[in-house]
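Contents: one structure, followed by commentary.
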Amino acid sequence: MTVSATTTKPAYLILENGTTFQGEFFGMHAEVTGEIVFTTGMTGYLETLTDQSYYGQIVLQTFPLIGNYGVIPPDFESSHVAPRAYIAKYPCRTPSNFRSVESLDTLLKKHNVVGLAGIDTRALAKIIRVEGAMNGKITSSPPTSADRDEVKAYTVRNAVAAVSPRSVTRTGREDSPRRVALMDFGAKGNIASMLVERGCEVWSFPHSTTAQEIMQANPHGIMLSNGPGNPADDANRTIVETIRALVESGIPIFGICLGHQLLALAHGYKTEKLKFGHRGANQPVKNTATGRVYITSQNHGYHVIADDSSFINVNDGTCEGLDYGKSFSVQFHPEACGGPLDTAFLFDSFIERMDAHAAR
Amino acid sequence: MPLDKSIKKVLVIGSGPIVIGQAAEFDYAGTQACRVLREDGIEIVLVNSNPATIMTDRNIADIIYIEPLTLPTIKRIIRKERPDSILSGLGGQTGLTLCMQLARDGFLDKMGVRLLGSTPETIDKAEDRLLFKETMQEIDQPVIPSVIATEVEAAVEFADDIGYPVIVRPAFTLGGSGGGIANDEAQLREIAVQGLAASPIGQILTEKSIAGWKEIEFEVMRDRADNAVVVCSMENFDPVGVHTGDSIVIAPTVTLADKEYQMLRTASLDIVRALGVEGGCNCQLALHPDSFEYAVIEVNPRVSRSSALASKATGYPIAKVATKIAIGYTLDEITNAVTGTTFAAFEPALDYVAVKFPKWPFDKFVYAHKVLGTQMKATGEVMAISDTFEEALLKAVRGAEIGLDSLMLPRLAVYSDDEIRTMLDTVTDERLFVLYEAITRGMSVDELFEITRIDRWFLHGLVNIAERAADPASRKPLVYKMVDTCGGEFEAQTPYFYSIENGTENEALPFIEKSEKERIVVLGSGPIRIGQGIEFDYACVHCVWALRSLGYEVIVINNNPETVSTDFDTADRLYFEPLCIDDVMSVIDIEKPLGVIVAFGGGTAIKLTQHLHARGVPIIGTSAESIDICEDRTRFDELLEQLGIKRPKGYGVQTEAEALKAGEKLGYPVIMRPSYVLGGQNMIIAFSPEDIVEYMEIILRSRQDNPVLIDRYLRGLEIEIDAICDGEDTLVPGIMEHVEEAGVHSGDSTAIYPAPHIDETLAAQLFEITEKICRALNVRGLVNIQYVLYENDIYVIEVNPRASRTVPYLSKVTGIPMCELATQISVGAKLRELGYDSGIAPTPAHVAVKVPVFSFQKLPGLDTCLGPEMKSTGEVLGIGATLEEALYKGRTAAGHTHDEELETELIDVNCLQDKLVAARLDRKGAT
């Protein structure tokens, strides 16, 4: 099937390794460079598009039929479409869902995000699997060697600063039994929702907030959110210092994804880049204490090097969680959206830790 | 938790004969289960009454009983064999019910036999309506609200409570007569009165109507450590109201947003946990199209047709993993066979869609009601994989062998728009084509949605197909992609391919480039249908195994998800593609095989012979030329004449006048059929000129390219022979005699081996004719010949130069590996080199009877009288020391009840075969 019967405009993709693909534009028609990562989730494209962790990246969907259920704003994880560009083999022109308000194409246009359709997405995913995550550029004319040089030179810096909020916001009822300070590095909306559902008022703080400022809010617990980029980026040093100070305060901390990595760095662990990351809604993790396996939603390119993990990835054995006693963190996304809700109980565990700490 | 070492000997119960609703998928599941048990060194006792199964092969299980699947028989087998465990979830509903009965009456406890897989409590909770409802309520899972009423007011009160429309079902009436859908109180009062009167016990079930909701299925896998994963989600094209077995199905779900998907996924996992299922489980749910409201429809705590489909759609072998779980493993200990490096504790990610299309028997059963509803009518199915719904659907339709290579059904052109609209109201096997016709006439997606409640996403897909058909742009060559369970995230080891049109990388090429062996393509037999069942898949699988052991690299092309041949480790490479010439040629173009074997895939493969030959593709085995002689009436008659062999006199006619003249010349009764048909389609016996007039009137309604054949009907003894010929020597493994007289289709006849009424002289004559035909046709492999004995003369009715329906049956009871021999011969071996002589093989001391099994109760409106058109869906085998005993067993296995119970002997088929081989070798030694 062609992507659009009438208005297709050729688009090209050139990779760092020189491979090119020819497809068609959808969304915004423009040239863009970014790091290409692939996700294997078959549903959840709206949650993916609005996940700030994808900042600076070109997201490739391995499932070819994307956009089937249109655009459903209540399902967004933030108000922004985060990726620099989006690659889907057959974006749906005629979506069908009772909550849909528009098509994927119009959403991307509205948010000035470039879409690339019609390429052999499986071939591209396999290149990334074999050679590792790499940069790419989407162009409107056949790519040149200059384009390739530009691709090679691309890096993302200060990613957290780019997506973290500028000011403090509060969600949940003021008379909630607990108050959680959320360090927002580009948080998915459902993290706060999960906490609010469990009787928490959530104060979201910009990434640059000091430990002292956070403590002034008298939180029962601290939530470290997901977010984009390399956790060991120099730009994150201050954040790691802040977290170290918060750890010393003894207040229970729960870290997710980047939050997990930063909490680990604050505890002296090291992080490193995975070949092509874990992105999808089908990643198995094992609780090392009980042997139980859970299917999780994941989106990360880096991992913590640890030999005392509380959770490990069943496929490659990498660290998926650490438990420090009062504080704990996971590499995967217990808040789901998109993906399985199997590990939502971790939020209950956070509540228990907060309550235990408060009762002391 | 690793393997439970206390499990040493396991009884596996098969599902018996193929009937509608229970087809080849259980042979696939059972075979996988046996392989897993064997890998772990567990002794296997197998029982199944269906001989046309791979699971009943000697290399699959240690002790094999082809015996009736009845409670007394299973008990006797348990007493004799003393297994320590029994596997419950692999033998379909038949196996599950037997296990439940054994557990319930305390027999398993008494014998110290453990039920592996789901426990009786689990099965009860899933199968007992009331218990199921209670269990769902305990875990807050919504079921379809219903009330049992004995008076109108109770029904009205209930409907006021839950809202209209409601469905009224009178208790104990056949096919729900007297019930209906009520949209308001007035209608309900009317229907309820009528329903109460119709019910012999004055009782009606009033149920909230969820017709039009989306029907969604999840295949769930859970282990004893409570790890649970969703292997595959599936969405029905047809909304609730059509049995999922009769619906077009797509995997994964395509119209559900993540929120809806996760809600139903979580519900399925909760249900499976509440039921305590260990192994595979199918959950069916209904989702309101305009809200988050849903209801649990039903749960099957076992492998099923859906799980076979899900296995092939994802590459995740559900039966294999379920068996591993049953013997103690947990999901994280079981390797993902596709990647070889990851584990079964994950959820497959697809980067394509799989579409299932049912195969209905209405082409054969023209008189059966074609309306689809809650009772499944399909005999089989095809699956097609592509990267778009549109392409996958087209492939599925093309591969379903219904005479269509698009969605355009020409005969619909004569109807008016209003008539088309009316036709859409009723769901039949042709509704997809009626929808397509409506779309090509410009009816809007919204209008069609209002009528059918089929999700607009699917309807838009049909619009896309119509747009593309109108714009025949040049088609790109196909490229092949792999089914790898993980969307390309991990490297896959299993060469399981499907084609797409829009791709740059062909993933099959590296496998072909590194191949150092000679390659042979084996064509499968497509969907299970009446006249072409699991027997042909059995034959294909044996052919593949034989070729692989000879050192060839074997490529299978097939599109039936239920079968062993489409298990990704049967052949070296599997192409899940339609068995149509263009699709097959596309594979041949890249594989460049030595040749193609068409002799094992039934009519589906045979009918491609001339097309392949015309394109210069070598046919391995009996030549395309010889195959044509058998198919072409004129050439066939000429051959028999040359050889001096008799056949019933007959003519080819074009008009009614010619037909009547022929009838007069031949003398009534006569057999009439269109030429070039398989399985006796539209074949009748005409007893008078009136019958001829009626038949010609019907048959000439559609244009006939070829003449109608009229043959004299010889009412004699029908004999069937399967022979193997290497061009010089001819081996007849056995001569079978039909109990029913000629005129009843051979597939519907009870066949006895050894033939009781054939003496040595007659046998010698039959052999002589068989040998003559084989030589004349230069047969290289198998041939099936049907004879009729009439007034002391032998007449040839039909010659099929290929594996027939009776090959698995005869292979099992004679111990002669017919498919292996035929395969070896087709690539150049000689019978004598393989240890066989020319002649009729020695007959065993036992008697074997093949008994047909029908699915009449599933197909109302069908005439249950047997005739030249085949009507049975499956078969069973009875083996006994005497004809009486064998018949008794065969009929019992086929579901007939007897007044008296007969003491029978349990026969291990493996032992039987060993004895036969020994006897044959003895005889050879003596000569």
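Here, A, B, ... name the chains of the structure tokens in the order displayed, residue numbers run from 1 inside each chain, and ligands are numbered from 1 in the same displayed order.
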DSSP-assigned alpha helix (DSSP H) among stretch 479-575 of chain B, expressed as an mmCIF file with N, CA and C atoms, in the first residue's frame:
```
data_model
loop_
_atom_site.group_PDB
_atom_site.id
_atom_site.type_symbol
_atom_site.label_atom_id
_atom_site.label_comp_id
_atom_site.auth_asym_id
_atom_site.auth_seq_id
_atom_site.Cartn_x
_atom_site.Cartn_y
_atom_site.Cartn_z
ATOM 1 N N LEU B 509 18.078 -14.674 1.051
ATOM 2 C CA LEU B 509 19.272 -14.841 0.208
ATOM 3 C C LEU B 509 20.511 -15.333 0.952
ATOM 4 N N PRO B 510 20.845 -14.775 2.115
ATOM 5 C CA PRO B 510 22.051 -15.286 2.797
ATOM 6 C C PRO B 510 21.959 -16.775 3.123
ATOM 7 N N PHE B 511 20.750 -17.244 3.445
ATOM 8 C CA PHE B 511 20.591 -18.669 3.743
ATOM 9 C C PHE B 511 20.810 -19.508 2.484
ATOM 10 N N ILE B 512 20.318 -18.985 1.357
ATOM 11 C CA ILE B 512 20.465 -19.723 0.100
ATOM 12 C C ILE B 512 21.928 -19.705 -0.330
ATOM 13 N N GLU B 513 22.579 -18.540 -0.153
ATOM 14 C CA GLU B 513 23.984 -18.412 -0.578
ATOM 15 C C GLU B 513 24.903 -19.345 0.210
ATOM 16 N N ILE B 534 -5.728 -34.003 6.756
ATOM 17 C CA ILE B 534 -4.440 -34.061 7.429
ATOM 18 C C ILE B 534 -3.535 -35.143 6.815
ATOM 19 N N GLU B 535 -4.151 -36.121 6.103
ATOM 20 C CA GLU B 535 -3.361 -37.204 5.508
ATOM 21 C C GLU B 535 -2.262 -36.659 4.611
ATOM 22 N N PHE B 536 -2.573 -35.564 3.924
ATOM 23 C CA PHE B 536 -1.615 -35.030 2.964
ATOM 24 C C PHE B 536 -0.496 -34.270 3.665
ATOM 25 N N ASP B 537 -0.816 -33.701 4.796
ATOM 26 C CA ASP B 537 0.254 -33.059 5.550
ATOM 27 C C ASP B 537 1.184 -34.135 6.116
ATOM 28 N N TYR B 538 0.572 -35.217 6.543
ATOM 29 C CA TYR B 538 1.348 -36.361 7.021
ATOM 30 C C TYR B 538 2.338 -36.788 5.940
ATOM 31 N N ALA B 539 1.836 -36.928 4.721
ATOM 32 C CA ALA B 539 2.679 -37.388 3.614
ATOM 33 C C ALA B 539 3.792 -36.376 3.321
ATOM 34 N N CYS B 540 3.442 -35.095 3.315
ATOM 35 C CA CYS B 540 4.444 -34.047 3.048
ATOM 36 C C CYS B 540 5.564 -34.085 4.071
ATOM 37 N N VAL B 541 5.187 -34.208 5.336
ATOM 38 C CA VAL B 541 6.183 -34.191 6.407
ATOM 39 C C VAL B 541 7.135 -35.383 6.240
ATOM 40 N N HIS B 542 6.575 -36.539 5.904
ATOM 41 C CA HIS B 542 7.439 -37.711 5.701
ATOM 42 C C HIS B 542 8.350 -37.535 4.505
ATOM 43 N N CYS B 543 7.835 -36.907 3.472
ATOM 44 C CA CYS B 543 8.664 -36.637 2.298
ATOM 45 C C CYS B 543 9.824 -35.718 2.685
ATOM 46 N N VAL B 544 9.518 -34.683 3.450
ATOM 47 C CA VAL B 544 10.558 -33.730 3.869
ATOM 48 C C VAL B 544 11.622 -34.439 4.703
ATOM 49 N N TRP B 545 11.165 -35.235 5.654
ATOM 50 C CA TRP B 545 12.124 -35.938 6.514
ATOM 51 C C TRP B 545 13.012 -36.878 5.692
ATOM 52 N N ALA B 546 12.386 -37.580 4.736
ATOM 53 C CA ALA B 546 13.159 -38.522 3.915
ATOM 54 C C ALA B 546 14.223 -37.775 3.110
ATOM 55 N N LEU B 547 13.833 -36.658 2.528
ATOM 56 C CA LEU B 547 14.790 -35.884 1.715
ATOM 57 C C LEU B 547 15.927 -35.352 2.581
ATOM 58 N N ARG B 548 15.574 -34.887 3.770
ATOM 59 C CA ARG B 548 16.623 -34.342 4.655
ATOM 60 C C ARG B 548 17.594 -35.442 5.045
ATOM 61 N N SER B 549 17.071 -36.638 5.296
ATOM 62 C CA SER B 549 17.996 -37.696 5.702
ATOM 63 C C SER B 549 18.843 -38.164 4.520
#
```
Within 8 Å of chain B, which residues of chain A are there when counting only C-alpha atoms? Please give them as a PDB file with C-alpha atoms, in the first residue's frame.
```pdb
ATOM      1  CA  MET A   1       0.000   0.000   0.000  1.00  0.00           C
ATOM      2  CA  THR A  40       9.409  -2.927  19.112  1.00  0.00           C
ATOM      3  CA  GLY A  41       6.144  -1.923  20.808  1.00  0.00           C
ATOM      4  CA  MET A  42       3.138  -2.808  18.657  1.00  0.00           C
ATOM      5  CA  THR A  43       0.799  -0.410  20.455  1.00  0.00           C
ATOM      6  CA  GLY A  44       1.641   2.727  22.416  1.00  0.00           C
ATOM      7  CA  THR A  62       9.536  -1.939  13.959  1.00  0.00           C
ATOM      8  CA  PHE A  63       5.781  -2.641  13.752  1.00  0.00           C
ATOM      9  CA  PRO A  64       4.816  -1.431  10.276  1.00  0.00           C
ATOM     10  CA  LEU A  65       1.215  -0.338  10.882  1.00  0.00           C
ATOM     11  CA  ASN A  68      -4.210   2.830  13.375  1.00  0.00           C
ATOM     12  CA  TYR A  69      -6.043   4.266  16.365  1.00  0.00           C
ATOM     13  CA  ASP A  75      -2.988   9.240  26.349  1.00  0.00           C
ATOM     14  CA  THR A  94      -7.678   6.600   8.070  1.00  0.00           C
ATOM     15  CA  PRO A  95      -7.434   5.855  11.784  1.00  0.00           C
ATOM     16  CA  SER A  96     -10.290   4.282  13.699  1.00  0.00           C
ATOM     17  CA  ASN A  97     -10.930   4.641  17.406  1.00  0.00           C
ATOM     18  CA  PHE A  98     -13.754   6.187  19.377  1.00  0.00           C
ATOM     19  CA  ARG A  99     -11.345   8.535  21.139  1.00  0.00           C
ATOM     20  CA  GLY A 118       7.747   3.644   3.226  1.00  0.00           C
ATOM     21  CA  ILE A 119      11.285   2.444   3.887  1.00  0.00           C
ATOM     22  CA  ASP A 120      12.290  -1.131   4.739  1.00  0.00           C
ATOM     23  CA  ARG A 122      13.059  -4.103   9.340  1.00  0.00           C
ATOM     24  CA  ALA A 123      16.252  -3.743   7.336  1.00  0.00           C
ATOM     25  CA  ALA A 125      16.322  -2.095  12.600  1.00  0.00           C
ATOM     26  CA  LYS A 126      18.652  -4.950  11.738  1.00  0.00           C
ATOM     27  CA  ARG A 129      20.994  -4.301  15.938  1.00  0.00           C
ATOM     28  CA  ASN A 282       7.996  -6.952  25.868  1.00  0.00           C
ATOM     29  CA  GLN A 283      11.217  -6.870  27.907  1.00  0.00           C
ATOM     30  CA  PRO A 284      11.433  -9.628  30.528  1.00  0.00           C
ATOM     31  CA  ARG A 292       9.708 -14.069  39.397  1.00  0.00           C
ATOM     32  CA  VAL A 293       9.722 -12.746  35.844  1.00  0.00           C
ATOM     33  CA  TYR A 294       7.796  -9.659  34.748  1.00  0.00           C
ATOM     34  CA  ILE A 295       7.156  -8.246  31.308  1.00  0.00           C
ATOM     35  CA  VAL A 314      16.278 -12.081  31.336  1.00  0.00           C
ATOM     36  CA  ASN A 315      17.673 -11.751  27.811  1.00  0.00           C
ATOM     37  CA  ASP A 316      21.074 -10.137  28.404  1.00  0.00           C
ATOM     38  CA  CYS A 337       2.080   3.776  29.154  1.00  0.00           C
ATOM     39  CA  GLY A 338       2.657   2.255  26.724  1.00  0.00           C
ATOM     40  CA  GLY A 339       3.249  -1.264  27.748  1.00  0.00           C
ATOM     41  CA  PRO A 340       2.357  -3.791  30.415  1.00  0.00           C
ATOM     42  CA  LEU A 341       1.126  -2.785  33.879  1.00  0.00           C
ATOM     43  CA  ASP A 342       2.717  -5.869  35.478  1.00  0.00           C
TER      44      ASP A 342
END
```
If you count only C-alpha atoms, which residues fall within 10 Å of B:Leu777, apart from same-chain ones fewer than 3 positions away, as a list in words?
Thr622, Ser623, Glu625, Ser626, Ile627, Ile629, Cys630, Leu639, Cys725, Gly727, Glu771, Lys772, Ile773, Cys774, Arg780, Val783 and Pro801 of chain B
For those residues, write C-alpha atoms to a file as a CSV table (one decimal), in the first residue's frame.
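And here's selection_3.csv as it stands now:
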```
chain,number,residue,atom,x,y,z
B,622,THR,CA,6.3,-39.0,-11.8
B,623,SER,CA,6.5,-36.7,-14.8
B,625,GLU,CA,3.3,-35.6,-18.7
B,626,SER,CA,2.1,-38.7,-16.8
B,627,ILE,CA,0.2,-36.6,-14.3
B,629,ILE,CA,-2.6,-38.2,-18.7
B,630,CYS,CA,-4.3,-39.1,-15.5
B,639,LEU,CA,-4.1,-45.1,-22.4
B,725,CYS,CA,6.8,-47.9,-8.5
B,727,GLY,CA,9.7,-47.3,-13.2
B,771,GLU,CA,1.9,-52.9,-12.7
B,772,LYS,CA,0.8,-52.3,-16.3
B,773,ILE,CA,-0.6,-48.9,-15.5
B,774,CYS,CA,2.5,-48.0,-13.4
B,780,ARG,CA,8.3,-42.8,-9.9
B,783,VAL,CA,0.1,-44.1,-7.2
B,801,PRO,CA,-0.2,-40.6,-9.5
```
Polymer residues at most 12 Å from B:Leu906, only C-alpha atoms, same-chain spacing of 3 or more positions, as number ranges by chain:
B: 47, 63-68, 72-81, 846, 878-881, 885-886, 889, 903, 909, 911-912
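With only C-alpha atoms as the atoms that count, the minimum distance from B:Thr730 to the choices B:Phe767, B:Leu714, B:Glu697, B:Ala295 is reached by B:Phe767.
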Between atom CA of B:Ser872 and atom CA of B:Ser746, distance in Å (one decimal)
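Spanning atom CA of B:Ser872 to atom CA of B:Ser746 is a straight-line distance of 10.2 Å.
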Report the distance between atom CA of B:Gly373 and atom CA of B:Asp425 in Å, rounded to one decimal place.
12.5 Å
Considering only C-alpha atoms, return as JSON, numbers by chain whatever protein or nucleic-acid residues lie within 12 Å of B:Tyr329, sequence-local ones (same chain, fewer than 4 positions apart) excluded.
{"B": [1, 2, 3, 4, 5, 36, 37, 40, 117, 222, 223, 224, 225, 226, 227, 278, 279, 320, 321, 322, 323, 324, 325, 333, 334, 335, 343, 344, 345]}
Pick out the residues sitting within 9 Å of A:Val202, and hand them over as a compact mmCIF listing (two decimals) with C-alpha atoms, in the first residue's frame; count only C-alpha atoms, and ignore anything fewer than 3 positions along from it in its own chain.
```txt
# COMPACT_ATOMS: atom_id res chain seq x y z
CA THR A 169 4.07 22.41 39.43
CA ARG A 170 1.76 20.54 41.78
CA THR A 171 -0.69 17.74 40.99
CA GLY A 172 -3.03 15.80 43.25
CA ARG A 173 -5.07 16.90 46.21
CA ARG A 178 1.67 12.04 51.37
CA ARG A 179 3.69 14.53 49.41
CA VAL A 180 6.19 13.34 46.79
CA ALA A 181 8.89 15.54 45.33
CA LEU A 182 9.35 14.53 41.70
CA ALA A 192 2.72 11.42 38.72
CA SER A 193 -0.67 9.83 37.95
CA LEU A 195 1.41 8.45 42.70
CA VAL A 196 -1.69 10.61 42.78
```
When you look at stretch 641-658 of chain B with a cut-off of 6 Å (counting only C-alpha atoms), what residues show up, excluding the ones that are within fewer than 3 positions of it in the same chain? I need them as number ranges by chain.
B: 638, 661, 696, 707-712, 795-796
Rounded to one decimal place, report the atom CA of B:Arg398-atom CA of B:Ala599 distance in Å.
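Atom CA of B:Ala599 lies at a distance of 21.4 Å from atom CA of B:Arg398.
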